[in-house]
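Trainee: Could you have a look at this structure, given as structure tokens, before my questions?
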Amino acid sequence: MTTFNLSQQLIDLKREVLKKVADNFRHVEEVSEINTLKVLSAMQRLKVSDAHFKTSTGYAYGDIGREKLDELFADIFCAESALVRTQFVSGTHALATALFGILRPNDELVSLTGAPYDTLQTVIGHAHPSKGSLKEFGVNYRELNLVDGKVDIDAIKNFITPKTRLAMIQRSRGYSMRDPLTTEDIGKICAAVKEVNPNCITFVDNCYGEFVETREPIEVGADIAAGSLIKNIGGGLAPTGGYIVGKSDLIELSSYRLTAPGMGNELGASLGTPRLLYQGLFVAPHVTAQALKGAIFAAGIFDGLGYVTSPLPEAKRGDIIQAVELRSAEKLIKFCRAIQAFSPVDSFAAPEPWDMPGYEDKVIMAAGTFVQGASIELSADAPLREPYAVYLQGGLTFEHAAIGILSAAQEILAE
């Protein structure tokens, strides 16, 4: 049986941190209230009904629940259209679907936030050649390096050209110590792109960012955005899936890649999941707030123990991820094993670094979650490479997040 006996040092630090972050917590709660009202109002306005929770099979023509969920996402994200499907197996799949749907041979794709997340690099195929990549289909690629961990907005005017078809913006930090982007940051980047090339599509990887603020990327100038349903927006209830939101013509192109040209968004059986997707969306603002509180608390604890944390406890946040530089592989593994040990599912398992598909380095993942790999639930993962930073995210309740974080801190202190 797992025990939870904290050292006096951690008990005192916990009290100190909770006092220090009280104002941050209040801000998170205010954002959650605004976003809850946004979701509730959309559900009322679009007349969500019990009839929309019925399942469909086969081709699923005329699935009113699927169609209404698309409407809801479009409304909440202030987008013209949306594609919300359990047929997306991950956030990367949703992003790749949009990229392959929109881009054509000889088009130029650029990343304005440095190297993309590891799994997206194999989709692009330039730094990490892979079969079936965009590179194999003749899509050209360049990336704009970050300066001191920030997007070089001044350099965009010379980086974007009339030939640039799509500019990709990654909101979250990925496996790096850079700051995540706020919606204000995203708005400035999109404006800089459009000033040079009004026809260039601005595409935001919105993973881990939904409901962290009161605005979403489409509201500040992005043409299209995509993410995963087993992160923030699924509220911990969505069993799988992803979404794409944005301009109607871009969503249409994406839908042809998901299914087939001429079929688009007219197909896609809901099977047994509609209610979970609706209910998950409804609680998502609150669950995201719980995860944010956990991230802020983790920053306070490990900052108090002398570790480099990003963001700092008082910093403005653009995603739910908390990075902590642990400086050794041993501490990194201990941290992840502590999170796993204080999970409700598979608490008896001991995570090991392994060669995960789509990653260059060995990766360790702690995720004792009800939905496999759901990073809106308390989880931690990291590549085994310098500076041995661990990336903590999620927490359906702050109480659970705090327990997991303190248990990890206890293990690190013991080390």
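As shown in the structure tokens, the chain order sets the letters A, B, ...; within each chain, residues go from 1, and ligands are also counted from 1 in the order they appear.
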Hey, what does DSSP flag as strand (DSSP E) within region 73-321 of chain A? Can you give it to me as a count of residues only?

Mentor: 38

Trainee: Write out as a ChimeraX atom specification which residues come within 10 Å of region 124-132 of chain A when counting only C-alpha atoms, dropping same-chain ones fewer than 2 positions away.

Mentor: /A:96,99-100,109,115-116,118-122,134-137,139-142,358-360

Trainee: Would you output that residue set with C-alpha atoms, as an mmCIF file, in the first residue's frame?

Mentor:
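Result saved to again18.cif:
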```cif
data_model
loop_
_atom_site.group_PDB
_atom_site.id
_atom_site.type_symbol
_atom_site.label_atom_id
_atom_site.label_comp_id
_atom_site.auth_asym_id
_atom_site.auth_seq_id
_atom_site.Cartn_x
_atom_site.Cartn_y
_atom_site.Cartn_z
ATOM 1 C CA ALA A 96 -1.240 16.014 -39.824
ATOM 2 C CA LEU A 99 -1.482 19.761 -43.153
ATOM 3 C CA PHE A 100 -1.933 16.962 -45.695
ATOM 4 C CA LEU A 109 5.388 25.166 -45.005
ATOM 5 C CA ALA A 115 11.514 22.947 -34.251
ATOM 6 C CA PRO A 116 8.017 21.443 -33.802
ATOM 7 C CA ASP A 118 8.914 15.476 -31.854
ATOM 8 C CA THR A 119 5.997 13.554 -33.385
ATOM 9 C CA LEU A 120 5.232 16.353 -35.839
ATOM 10 C CA GLN A 121 8.816 16.354 -37.095
ATOM 11 C CA THR A 122 8.301 12.876 -38.557
ATOM 12 C CA LEU A 134 5.112 15.833 -46.287
ATOM 13 C CA LYS A 135 8.635 15.942 -47.707
ATOM 14 C CA GLU A 136 7.917 12.805 -49.758
ATOM 15 C CA PHE A 137 4.877 14.586 -51.174
ATOM 16 C CA VAL A 139 6.177 20.022 -49.588
ATOM 17 C CA ASN A 140 9.066 22.378 -48.844
ATOM 18 C CA TYR A 141 9.859 23.346 -45.275
ATOM 19 C CA ARG A 142 11.759 25.991 -43.297
ATOM 20 C CA GLY A 358 7.866 9.222 -33.480
ATOM 21 C CA TYR A 359 10.515 10.219 -30.926
ATOM 22 C CA GLU A 360 14.259 10.534 -31.488
#
```

Trainee: Looking at only C-alpha atoms, which of A:Gln322, A:Thr86, A:Asn106, A:Gln410 is the one that sits closest to Pro274 (chain A)?

Mentor: A:Thr86

Trainee: Can you tell me which residues surround Ala382 (chain A) at a distance of at most 7 Å, considering only C-alpha atoms, apart from same-chain residues fewer than 5 positions away, and format the answer as a list in words?

Mentor: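 The filter keeps Val363, Ile364, Met365, Ala389, Val390 and Tyr391 of chain A.
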
Trainee: Take the residues from that selection and put them in a file with N, CA and C atoms, as a short mmCIF file (atom, residue, chain, number, x, y, z; two decimals), in the first residue's frame.

Mentor:
```cif
data_model
loop_
_atom_site.label_atom_id
_atom_site.label_comp_id
_atom_site.auth_asym_id
_atom_site.auth_seq_id
_atom_site.Cartn_x
_atom_site.Cartn_y
_atom_site.Cartn_z
N VAL A 363 12.02 7.90 -24.29
CA VAL A 363 11.05 8.72 -23.57
C VAL A 363 10.50 7.91 -22.40
N ILE A 364 10.35 8.59 -21.26
CA ILE A 364 9.69 7.96 -20.12
C ILE A 364 8.36 8.66 -19.90
N MET A 365 7.32 7.89 -19.66
CA MET A 365 5.99 8.45 -19.48
C MET A 365 5.32 7.84 -18.26
N ALA A 389 14.81 17.67 -18.23
CA ALA A 389 13.61 18.36 -17.75
C ALA A 389 12.42 17.42 -17.83
N VAL A 390 11.60 17.45 -16.79
CA VAL A 390 10.37 16.68 -16.79
C VAL A 390 9.23 17.62 -17.11
N TYR A 391 8.22 17.09 -17.83
CA TYR A 391 7.07 17.89 -18.24
C TYR A 391 5.83 17.32 -17.57
#
```

Trainee: List every residue of region 262-282 of chain A that has an atom at most 8 Å from any atom of region 235-239 of chain A, giving for each one its closest atom pair and the distance in Å to one decimal, counting only C-alpha atoms, sorted by chain and then by ascending residue number, as JSON lines.

Mentor:
```
{"residue": "A:Thr273", "atom": "CA", "partner": "A:Pro239", "partner_atom": "CA", "distance": 7.5}
{"residue": "A:Leu276", "atom": "CA", "partner": "A:Ala238", "partner_atom": "CA", "distance": 5.4}
{"residue": "A:Leu277", "atom": "CA", "partner": "A:Ala238", "partner_atom": "CA", "distance": 5.1}
{"residue": "A:Gln279", "atom": "CA", "partner": "A:Leu237", "partner_atom": "CA", "distance": 7.2}
{"residue": "A:Gly280", "atom": "CA", "partner": "A:Gly235", "partner_atom": "CA", "distance": 4.3}
{"residue": "A:Leu281", "atom": "CA", "partner": "A:Gly235", "partner_atom": "CA", "distance": 5.8}
{"residue": "A:Phe282", "atom": "CA", "partner": "A:Gly235", "partner_atom": "CA", "distance": 7.5}
```

Trainee: Under the rule that only C-alpha atoms are counted, which of A:Ile160, A:Cys190, A:Ile320, A:Ala79 is the nearest residue to Phe211 (chain A)?

Mentor: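 Among the listed residues, the smallest separation from Phe211 (chain A) belongs to A:Ile320.
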
Trainee: Considering only C-alpha atoms, state which residue in the set A:Ala338, A:Val345, A:Met168, A:Val245 is at the smallest distance from Gly404 (chain A).

Mentor: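 Ranking A:Ala338, A:Val345, A:Met168, A:Val245 by distance to Gly404 (chain A), first place goes to A:Ala338.
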
Trainee: Quick one: of A:Gly268, A:Gly242, A:Gly91, A:Gly138, who's nearest to Arg104 (chain A), counting only C-alpha atoms?

Mentor: A:Gly138

Trainee: Mind pulling up the distance from CA of Gly246 (chain A) to CA of Tyr61 (chain A)?

Mentor: 23.0 Å

Trainee: Any idea what the distance is between CA of Thr183 (chain A) and CA of Ala225 (chain A)?

Mentor: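 If I compute the distance from CA of Thr183 (chain A) to CA of Ala225 (chain A), I get 12.2 Å.
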
Trainee: What lies within 8 Å of region 309-315 of chain A using only C-alpha atoms, ignoring chain neighbours under 2 positions off, as a list in words?

Mentor: Val21, Asn24, Met177, Arg178, Asp179, Ile296, Phe297, Ala299, Gly300, Phe302, Asp303, Tyr307, Arg317, Gln322, Ala323, Val324 and Glu325 of chain A

Trainee: So, counting only C-alpha atoms, which residue among A:Ala402, A:Ala82, A:Leu112, A:Ala349 is closest to Ile224 (chain A)?

Mentor: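 Using only C-alpha atoms, the shortest distance to Ile224 (chain A) belongs to A:Ala82.
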
Trainee: Which residues are close to Leu144 (chain A), i.e. within 9 Å by only C-alpha atoms, leaving aside same-chain residues fewer than 5 positions away? Reply as a PyMOL selection string.

Mentor: chain A and resi 110-115+151-152+155-156+159

Trainee: Keeping only C-alpha atoms, write the selected residues to a file as a PDB file, in the first residue's frame.

Mentor:
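Dumped to result28.pdb:
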```
ATOM      1  CA  VAL A 110       7.182  27.143 -42.290  1.00  0.00           C
ATOM      2  CA  SER A 111       7.354  26.833 -38.527  1.00  0.00           C
ATOM      3  CA  LEU A 112       7.579  30.145 -36.675  1.00  0.00           C
ATOM      4  CA  THR A 113       8.217  28.564 -33.273  1.00  0.00           C
ATOM      5  CA  GLY A 114      11.443  26.723 -33.973  1.00  0.00           C
ATOM      6  CA  ALA A 115      11.514  22.947 -34.251  1.00  0.00           C
ATOM      7  CA  VAL A 151       9.377  33.990 -31.415  1.00  0.00           C
ATOM      8  CA  ASP A 152      11.424  36.515 -33.383  1.00  0.00           C
ATOM      9  CA  ALA A 155      12.354  38.532 -38.331  1.00  0.00           C
ATOM     10  CA  ILE A 156       9.010  37.294 -39.684  1.00  0.00           C
ATOM     11  CA  PHE A 159      11.209  35.059 -43.321  1.00  0.00           C
TER      12      PHE A 159
END
```

Trainee: With distances taken over only C-alpha atoms, which residue among A:Thr36, A:Thr164, A:Thr214, A:Thr97 lies nearest Ile251 (chain A)?

Mentor: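 When distances to Ile251 (chain A) are compared using only C-alpha atoms, the smallest one comes from A:Thr97.
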
Trainee: Set the distance at 7 Å and use only C-alpha atoms: which residues neighbour Lys362 (chain A) once local chain neighbours fewer than 2 positions away are removed? I'd like the list as a list in words.

Mentor: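 Residues near the query, excluding close chain neighbours: Pro353, Trp354, Asp355, Met356, Glu360, Ile364, Pro383 and Leu384 of chain A.
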
Trainee: Those selected residues, please, written with N, CA and C atoms and delivered as a PDB file, in the first residue's frame.

Mentor:
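Writing done, so here's again39.pdb:
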```pdb
ATOM      1  N   PRO A 353      12.175   4.201 -19.434  1.00  0.00           N
ATOM      2  CA  PRO A 353      12.417   4.881 -20.710  1.00  0.00           C
ATOM      3  C   PRO A 353      12.403   3.860 -21.854  1.00  0.00           C
ATOM      4  N   TRP A 354      11.801   4.242 -22.997  1.00  0.00           N
ATOM      5  CA  TRP A 354      11.761   3.311 -24.121  1.00  0.00           C
ATOM      6  C   TRP A 354      11.693   4.088 -25.436  1.00  0.00           C
ATOM      7  N   ASP A 355      11.906   3.373 -26.525  1.00  0.00           N
ATOM      8  CA  ASP A 355      11.915   3.984 -27.857  1.00  0.00           C
ATOM      9  C   ASP A 355      10.485   4.088 -28.380  1.00  0.00           C
ATOM     10  N   MET A 356       9.834   5.200 -28.083  1.00  0.00           N
ATOM     11  CA  MET A 356       8.463   5.397 -28.519  1.00  0.00           C
ATOM     12  C   MET A 356       8.420   5.788 -29.999  1.00  0.00           C
ATOM     13  N   GLU A 360      12.853  10.802 -31.190  1.00  0.00           N
ATOM     14  CA  GLU A 360      14.259  10.534 -31.488  1.00  0.00           C
ATOM     15  C   GLU A 360      14.977   9.936 -30.284  1.00  0.00           C
ATOM     16  N   ILE A 364      10.347   8.588 -21.261  1.00  0.00           N
ATOM     17  CA  ILE A 364       9.689   7.962 -20.115  1.00  0.00           C
ATOM     18  C   ILE A 364       8.356   8.662 -19.902  1.00  0.00           C
ATOM     19  N   PRO A 383      11.832  13.283 -22.552  1.00  0.00           N
ATOM     20  CA  PRO A 383      12.881  12.564 -23.267  1.00  0.00           C
ATOM     21  C   PRO A 383      14.126  12.492 -22.395  1.00  0.00           C
ATOM     22  N   LEU A 384      14.859  11.425 -22.484  1.00  0.00           N
ATOM     23  CA  LEU A 384      16.094  11.316 -21.699  1.00  0.00           C
ATOM     24  C   LEU A 384      17.228  12.038 -22.423  1.00  0.00           C
TER      25      LEU A 384
END
```

Trainee: What separation in Å, quoted to one decimal, exists between CA of Lys188 (chain A) and CA of His27 (chain A)?

Mentor: 23.4 Å

Trainee: Neighbours of Ala42 (chain A) within 12 Å (only C-alpha atoms; same-chain residues fewer than 5 positions away dropped), as a PyMOL selection string?

Mentor: chain A and resi 35-37+47-48+68-78+278+281-282
